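To start, the structure itself, in structure tokens.
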Amino acid sequence: MDMKRPYSLVLLLSTAVYGFCLMNPNVSKVDTTKMVRPSTTAAIGKAADLARQLIRIESVTPNDNGCQAVVQQHLDKIGFASETLQYQDVTNLWAIRGDPKASPLVVFAGHTDVVTPGPLESWTHPPFEGVVEDGILYGRGAVDMKGGIASFVVALERFLSKHPDHDGSIGVILTSDEEGEAVFGTKEVVSELTRRGTVVDMCIVGEPSSISTTGDTVKVGRRGSLGGELMIHGIQGHVAYVKQITDCSVLLFAFLPNGSALSCQSSGSQNTFFYHPQIPASF
Ligand SMILES: [Zn+2]
């Protein structure tokens, strides 16, 4: 982190503090016992309330179903200019506070969609009620990632109340299609921002990254993937004359051991873009 950009650091830390997400995507544990300042406890309460409000909106991919409007109301109150970018059946929110050309532009990114809840009888509490029991928030998307969105919204509210005249600008990108095809979501928003000449200097993604304790792991990147099509040509012939034919499946198996060398780096490995000696890349 470039220390010449202190506000970015404050934002990141604020988000880490409020990021009460564990890896289970449907359960968020809110542990306030380690929080010493009442203002921090109050902020966590506000984040939990907003997360519950969002969980109660059934927003299965790609139907945002009004989640982004709820977030927009919060952002508008703290000086953001918001707009909805609708592409096909995907709803995206782009909100910015300050001049888009003012650097650094720090963007918080997230998604409001969730995957289907599956068998309802398997849930401890209904997936779209946002029940809190014994300090644990239950609901589809509690962690991935309505809890994360609520956390950075409240972190922004708190940060801006203390630093209304911050340097640079702050943006928020939300999409309703991250769990699905993700073709008309953040990718399209970034294309639109590029067309406008808006350059994002830093991006903080609200996906869950903690493993056992709040804020124990801050990732510096995300694993990628390389897709492609493999076409194997064989030679047809009569089964009685095996030596005159070439079986595609045999060629495929012959290819796989070598192909594995081309396959993605294993989860948790790093590349030159997302390298840090201590911090694993990928969620
Ligand atoms: Zn997610």
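Residue names in the structure tokens use chain letters A, B, ... in the order shown, residue numbers from 1 in each chain, and ligand numbers from 1 in the order shown.
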Quick one: residues within 6 Å of Gly234 in chain A, only C-alpha atoms, excluding same-chain residues fewer than 2 positions away - as a PyMOL selection string? chain A and resi 246-248
Since we have the selection now, will you write its residues out, keeping N, CA and C atoms, as a PDB file, in the first residue's frame?
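Okay, out-v8.pdb is ready:
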```
ATOM      1  N   THR A 246      -7.240 -44.264 -35.651  1.00  0.00           N
ATOM      2  CA  THR A 246      -6.717 -43.505 -34.512  1.00  0.00           C
ATOM      3  C   THR A 246      -7.886 -43.123 -33.621  1.00  0.00           C
ATOM      4  N   ASP A 247      -7.885 -43.656 -32.418  1.00  0.00           N
ATOM      5  CA  ASP A 247      -8.977 -43.430 -31.476  1.00  0.00           C
ATOM      6  C   ASP A 247      -8.771 -42.074 -30.771  1.00  0.00           C
ATOM      7  N   CYS A 248      -9.768 -41.202 -30.883  1.00  0.00           N
ATOM      8  CA  CYS A 248      -9.666 -39.857 -30.276  1.00  0.00           C
ATOM      9  C   CYS A 248      -9.453 -39.929 -28.768  1.00  0.00           C
TER      10      CYS A 248
END
```
Please return as number ranges by chain: the residues of range 32-140 of chain A that backbone DSSP assigns to helix (DSSP H, G or I). A: 38-55, 67-77, 120-122
Let's have the selection written as a short mmCIF file (atom, residue, chain, number, x, y, z; two decimals), in the first residue's frame, with C-alpha atoms.
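Now in again_31.cif:
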```cif
data_model
loop_
_atom_site.label_atom_id
_atom_site.label_comp_id
_atom_site.auth_asym_id
_atom_site.auth_seq_id
_atom_site.Cartn_x
_atom_site.Cartn_y
_atom_site.Cartn_z
CA PRO A 38 -18.52 1.76 21.58
CA SER A 39 -18.53 3.63 18.26
CA THR A 40 -17.08 0.56 16.58
CA THR A 41 -19.66 -1.70 18.17
CA ALA A 42 -22.38 0.66 17.00
CA ALA A 43 -20.98 0.59 13.46
CA ILE A 44 -20.98 -3.20 13.44
CA GLY A 45 -24.60 -3.10 14.59
CA LYS A 46 -25.45 -0.77 11.72
CA ALA A 47 -23.66 -3.02 9.24
CA ALA A 48 -25.49 -6.06 10.58
CA ASP A 49 -28.84 -4.22 10.27
CA LEU A 50 -28.10 -3.29 6.65
CA ALA A 51 -26.95 -6.82 5.88
CA ARG A 52 -30.21 -8.18 7.31
CA GLN A 53 -32.19 -5.72 5.22
CA LEU A 54 -30.39 -6.91 2.08
CA ILE A 55 -30.72 -10.60 2.98
CA CYS A 67 -31.02 -4.43 -3.30
CA GLN A 68 -29.02 -1.79 -5.12
CA ALA A 69 -31.73 0.83 -4.50
CA VAL A 70 -31.30 0.24 -0.76
CA VAL A 71 -27.54 0.72 -1.03
CA GLN A 72 -28.01 3.73 -3.28
CA GLN A 73 -30.15 5.44 -0.64
CA HIS A 74 -27.28 5.13 1.82
CA LEU A 75 -24.68 6.34 -0.67
CA ASP A 76 -26.76 9.29 -1.84
CA LYS A 77 -26.98 10.56 1.74
CA LEU A 120 -35.28 -25.01 2.54
CA GLU A 121 -35.52 -27.81 5.10
CA SER A 122 -31.72 -27.91 5.23
#
```
Around ligand 1, at most 6 Å away and counting only C-alpha atoms and all ligand atoms, which residues are there? Put them as an MDAnalysis selection string, please. chainID A and resid 144:145 207
Using only C-alpha atoms, tabulate the residues of range 98-164 of chain A lying at most 12 Å from any atom of range 80-85 of chain A, each with its closest atom pair and that distance in Å to one decimal, by chain and increasing residue number, as JSON lines.
```
{"residue": "A:Gly98", "atom": "CA", "partner": "A:Phe80", "partner_atom": "CA", "distance": 7.6}
{"residue": "A:Asp99", "atom": "CA", "partner": "A:Ala81", "partner_atom": "CA", "distance": 10.2}
{"residue": "A:Pro100", "atom": "CA", "partner": "A:Ala81", "partner_atom": "CA", "distance": 10.5}
{"residue": "A:Val153", "atom": "CA", "partner": "A:Phe80", "partner_atom": "CA", "distance": 11.4}
{"residue": "A:Leu156", "atom": "CA", "partner": "A:Phe80", "partner_atom": "CA", "distance": 10.6}
{"residue": "A:Glu157", "atom": "CA", "partner": "A:Phe80", "partner_atom": "CA", "distance": 10.8}
{"residue": "A:Leu160", "atom": "CA", "partner": "A:Phe80", "partner_atom": "CA", "distance": 10.8}
{"residue": "A:Pro164", "atom": "CA", "partner": "A:Phe80", "partner_atom": "CA", "distance": 11.7}
```
For those residues, write N, CA and C atoms to a file as an mmCIF file, in the first residue's frame.
```cif
data_model
loop_
_atom_site.group_PDB
_atom_site.id
_atom_site.type_symbol
_atom_site.label_atom_id
_atom_site.label_comp_id
_atom_site.auth_asym_id
_atom_site.auth_seq_id
_atom_site.Cartn_x
_atom_site.Cartn_y
_atom_site.Cartn_z
ATOM 1 N N GLY A 98 -17.103 12.662 -5.566
ATOM 2 C CA GLY A 98 -15.969 13.473 -6.005
ATOM 3 C C GLY A 98 -15.839 13.445 -7.516
ATOM 4 N N ASP A 99 -14.843 14.133 -7.988
ATOM 5 C CA ASP A 99 -14.581 14.218 -9.426
ATOM 6 C C ASP A 99 -14.006 12.885 -9.921
ATOM 7 N N PRO A 100 -14.624 12.258 -10.932
ATOM 8 C CA PRO A 100 -14.098 10.977 -11.426
ATOM 9 C C PRO A 100 -12.653 11.051 -11.882
ATOM 10 N N VAL A 153 -20.303 -0.115 3.151
ATOM 11 C CA VAL A 153 -21.176 1.066 3.157
ATOM 12 C C VAL A 153 -21.079 1.795 4.497
ATOM 13 N N LEU A 156 -17.775 3.478 4.859
ATOM 14 C CA LEU A 156 -17.750 4.732 4.101
ATOM 15 C C LEU A 156 -18.474 5.839 4.860
ATOM 16 N N GLU A 157 -19.626 5.501 5.428
ATOM 17 C CA GLU A 157 -20.376 6.507 6.198
ATOM 18 C C GLU A 157 -19.509 7.057 7.325
ATOM 19 N N LEU A 160 -16.422 9.109 5.933
ATOM 20 C CA LEU A 160 -16.765 10.418 5.365
ATOM 21 C C LEU A 160 -17.249 11.398 6.427
ATOM 22 N N PRO A 164 -14.726 14.497 5.387
ATOM 23 C CA PRO A 164 -15.597 14.879 4.259
ATOM 24 C C PRO A 164 -14.828 15.471 3.081
#
```
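Of the residues in range 64-161 of chain A, those given strand (DSSP E or B) by DSSP on the backbone are Ala81, Ser82, Glu83, Thr84, Leu85, Gln86, Tyr87, Val90, Thr91, Asn92, Leu93, Trp94, Ala95, Ile96, Arg97, Leu105, Val106, Val107, Phe108, Ala109, Gly110, His111, Val114, Val131, Val132, Glu133, Ile136, Leu137 and Tyr138 of chain A.
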Output of the above residues as a PDB file, in the first residue's frame, restricted to N, CA and C atoms:
```
ATOM      1  N   ALA A  81     -22.928  10.314  -6.211  1.00  0.00           N
ATOM      2  CA  ALA A  81     -23.811  10.436  -7.367  1.00  0.00           C
ATOM      3  C   ALA A  81     -23.941   9.039  -7.970  1.00  0.00           C
ATOM      4  N   SER A  82     -25.159   8.544  -8.014  1.00  0.00           N
ATOM      5  CA  SER A  82     -25.360   7.149  -8.411  1.00  0.00           C
ATOM      6  C   SER A  82     -26.097   7.053  -9.737  1.00  0.00           C
ATOM      7  N   GLU A  83     -25.816   6.010 -10.468  1.00  0.00           N
ATOM      8  CA  GLU A  83     -26.581   5.729 -11.683  1.00  0.00           C
ATOM      9  C   GLU A  83     -26.679   4.223 -11.872  1.00  0.00           C
ATOM     10  N   THR A  84     -27.787   3.818 -12.452  1.00  0.00           N
ATOM     11  CA  THR A  84     -27.980   2.399 -12.746  1.00  0.00           C
ATOM     12  C   THR A  84     -27.573   2.130 -14.180  1.00  0.00           C
ATOM     13  N   LEU A  85     -26.745   1.127 -14.373  1.00  0.00           N
ATOM     14  CA  LEU A  85     -26.334   0.722 -15.716  1.00  0.00           C
ATOM     15  C   LEU A  85     -26.943  -0.656 -15.981  1.00  0.00           C
ATOM     16  N   GLN A  86     -28.002  -0.659 -16.762  1.00  0.00           N
ATOM     17  CA  GLN A  86     -28.718  -1.902 -17.037  1.00  0.00           C
ATOM     18  C   GLN A  86     -28.223  -2.505 -18.343  1.00  0.00           C
ATOM     19  N   TYR A  87     -27.744  -3.714 -18.289  1.00  0.00           N
ATOM     20  CA  TYR A  87     -27.334  -4.422 -19.503  1.00  0.00           C
ATOM     21  C   TYR A  87     -28.082  -5.748 -19.535  1.00  0.00           C
ATOM     22  N   VAL A  90     -29.285  -7.722 -16.399  1.00  0.00           N
ATOM     23  CA  VAL A  90     -28.386  -7.493 -15.266  1.00  0.00           C
ATOM     24  C   VAL A  90     -28.427  -6.021 -14.852  1.00  0.00           C
ATOM     25  N   THR A  91     -28.601  -5.812 -13.556  1.00  0.00           N
ATOM     26  CA  THR A  91     -28.633  -4.458 -13.010  1.00  0.00           C
ATOM     27  C   THR A  91     -27.298  -4.159 -12.333  1.00  0.00           C
ATOM     28  N   ASN A  92     -26.733  -3.014 -12.694  1.00  0.00           N
ATOM     29  CA  ASN A  92     -25.455  -2.608 -12.092  1.00  0.00           C
ATOM     30  C   ASN A  92     -25.599  -1.205 -11.519  1.00  0.00           C
ATOM     31  N   LEU A  93     -24.888  -0.972 -10.442  1.00  0.00           N
ATOM     32  CA  LEU A  93     -24.873   0.364  -9.832  1.00  0.00           C
ATOM     33  C   LEU A  93     -23.457   0.925  -9.902  1.00  0.00           C
ATOM     34  N   TRP A  94     -23.363   2.147 -10.407  1.00  0.00           N
ATOM     35  CA  TRP A  94     -22.087   2.858 -10.371  1.00  0.00           C
ATOM     36  C   TRP A  94     -22.324   4.135  -9.581  1.00  0.00           C
ATOM     37  N   ALA A  95     -21.582   4.295  -8.510  1.00  0.00           N
ATOM     38  CA  ALA A  95     -21.734   5.489  -7.669  1.00  0.00           C
ATOM     39  C   ALA A  95     -20.356   6.087  -7.433  1.00  0.00           C
ATOM     40  N   ILE A  96     -20.306   7.408  -7.453  1.00  0.00           N
ATOM     41  CA  ILE A  96     -19.003   8.048  -7.241  1.00  0.00           C
ATOM     42  C   ILE A  96     -19.166   9.284  -6.380  1.00  0.00           C
ATOM     43  N   ARG A  97     -18.187   9.486  -5.514  1.00  0.00           N
ATOM     44  CA  ARG A  97     -18.158  10.694  -4.680  1.00  0.00           C
ATOM     45  C   ARG A  97     -16.905  11.463  -5.054  1.00  0.00           C
ATOM     46  N   LEU A 105      -8.615   7.290  -7.423  1.00  0.00           N
ATOM     47  CA  LEU A 105      -9.998   6.826  -7.382  1.00  0.00           C
ATOM     48  C   LEU A 105      -9.978   5.416  -6.783  1.00  0.00           C
ATOM     49  N   VAL A 106     -10.548   5.314  -5.591  1.00  0.00           N
ATOM     50  CA  VAL A 106     -10.614   4.022  -4.891  1.00  0.00           C
ATOM     51  C   VAL A 106     -12.033   3.482  -5.026  1.00  0.00           C
ATOM     52  N   VAL A 107     -12.162   2.286  -5.529  1.00  0.00           N
ATOM     53  CA  VAL A 107     -13.491   1.724  -5.789  1.00  0.00           C
ATOM     54  C   VAL A 107     -13.743   0.505  -4.900  1.00  0.00           C
ATOM     55  N   PHE A 108     -14.916   0.476  -4.308  1.00  0.00           N
ATOM     56  CA  PHE A 108     -15.378  -0.714  -3.591  1.00  0.00           C
ATOM     57  C   PHE A 108     -16.278  -1.499  -4.543  1.00  0.00           C
ATOM     58  N   ALA A 109     -16.033  -2.786  -4.659  1.00  0.00           N
ATOM     59  CA  ALA A 109     -16.792  -3.596  -5.619  1.00  0.00           C
ATOM     60  C   ALA A 109     -17.513  -4.730  -4.914  1.00  0.00           C
ATOM     61  N   GLY A 110     -18.707  -5.027  -5.410  1.00  0.00           N
ATOM     62  CA  GLY A 110     -19.470  -6.123  -4.814  1.00  0.00           C
ATOM     63  C   GLY A 110     -20.596  -6.580  -5.708  1.00  0.00           C
ATOM     64  N   HIS A 111     -21.283  -7.623  -5.251  1.00  0.00           N
ATOM     65  CA  HIS A 111     -22.443  -8.124  -6.001  1.00  0.00           C
ATOM     66  C   HIS A 111     -23.612  -8.344  -5.060  1.00  0.00           C
ATOM     67  N   VAL A 114     -27.351 -13.592  -5.214  1.00  0.00           N
ATOM     68  CA  VAL A 114     -26.988 -14.800  -4.459  1.00  0.00           C
ATOM     69  C   VAL A 114     -27.398 -16.019  -5.282  1.00  0.00           C
ATOM     70  N   VAL A 131     -32.012 -13.891  10.160  1.00  0.00           N
ATOM     71  CA  VAL A 131     -32.150 -14.101  11.607  1.00  0.00           C
ATOM     72  C   VAL A 131     -30.780 -13.990  12.293  1.00  0.00           C
ATOM     73  N   VAL A 132     -30.742 -13.289  13.430  1.00  0.00           N
ATOM     74  CA  VAL A 132     -29.532 -13.256  14.249  1.00  0.00           C
ATOM     75  C   VAL A 132     -29.806 -14.064  15.510  1.00  0.00           C
ATOM     76  N   GLU A 133     -28.957 -15.054  15.740  1.00  0.00           N
ATOM     77  CA  GLU A 133     -29.116 -15.887  16.933  1.00  0.00           C
ATOM     78  C   GLU A 133     -27.745 -16.107  17.553  1.00  0.00           C
ATOM     79  N   ILE A 136     -24.874 -14.697  15.712  1.00  0.00           N
ATOM     80  CA  ILE A 136     -24.585 -15.207  14.370  1.00  0.00           C
ATOM     81  C   ILE A 136     -25.722 -14.817  13.435  1.00  0.00           C
ATOM     82  N   LEU A 137     -25.338 -14.238  12.303  1.00  0.00           N
ATOM     83  CA  LEU A 137     -26.318 -13.835  11.290  1.00  0.00           C
ATOM     84  C   LEU A 137     -26.489 -14.960  10.281  1.00  0.00           C
ATOM     85  N   TYR A 138     -27.731 -15.425  10.142  1.00  0.00           N
ATOM     86  CA  TYR A 138     -28.026 -16.506   9.205  1.00  0.00           C
ATOM     87  C   TYR A 138     -28.767 -15.944   7.988  1.00  0.00           C
TER      88      TYR A 138
END
```
Please list as a list in words every residue within 8 Å of Ser103 in chain A, counting only C-alpha atoms and excluding residues in the same chain fewer than 4 positions away. Asp167, Gly168, Ser169 and Asp201 of chain A
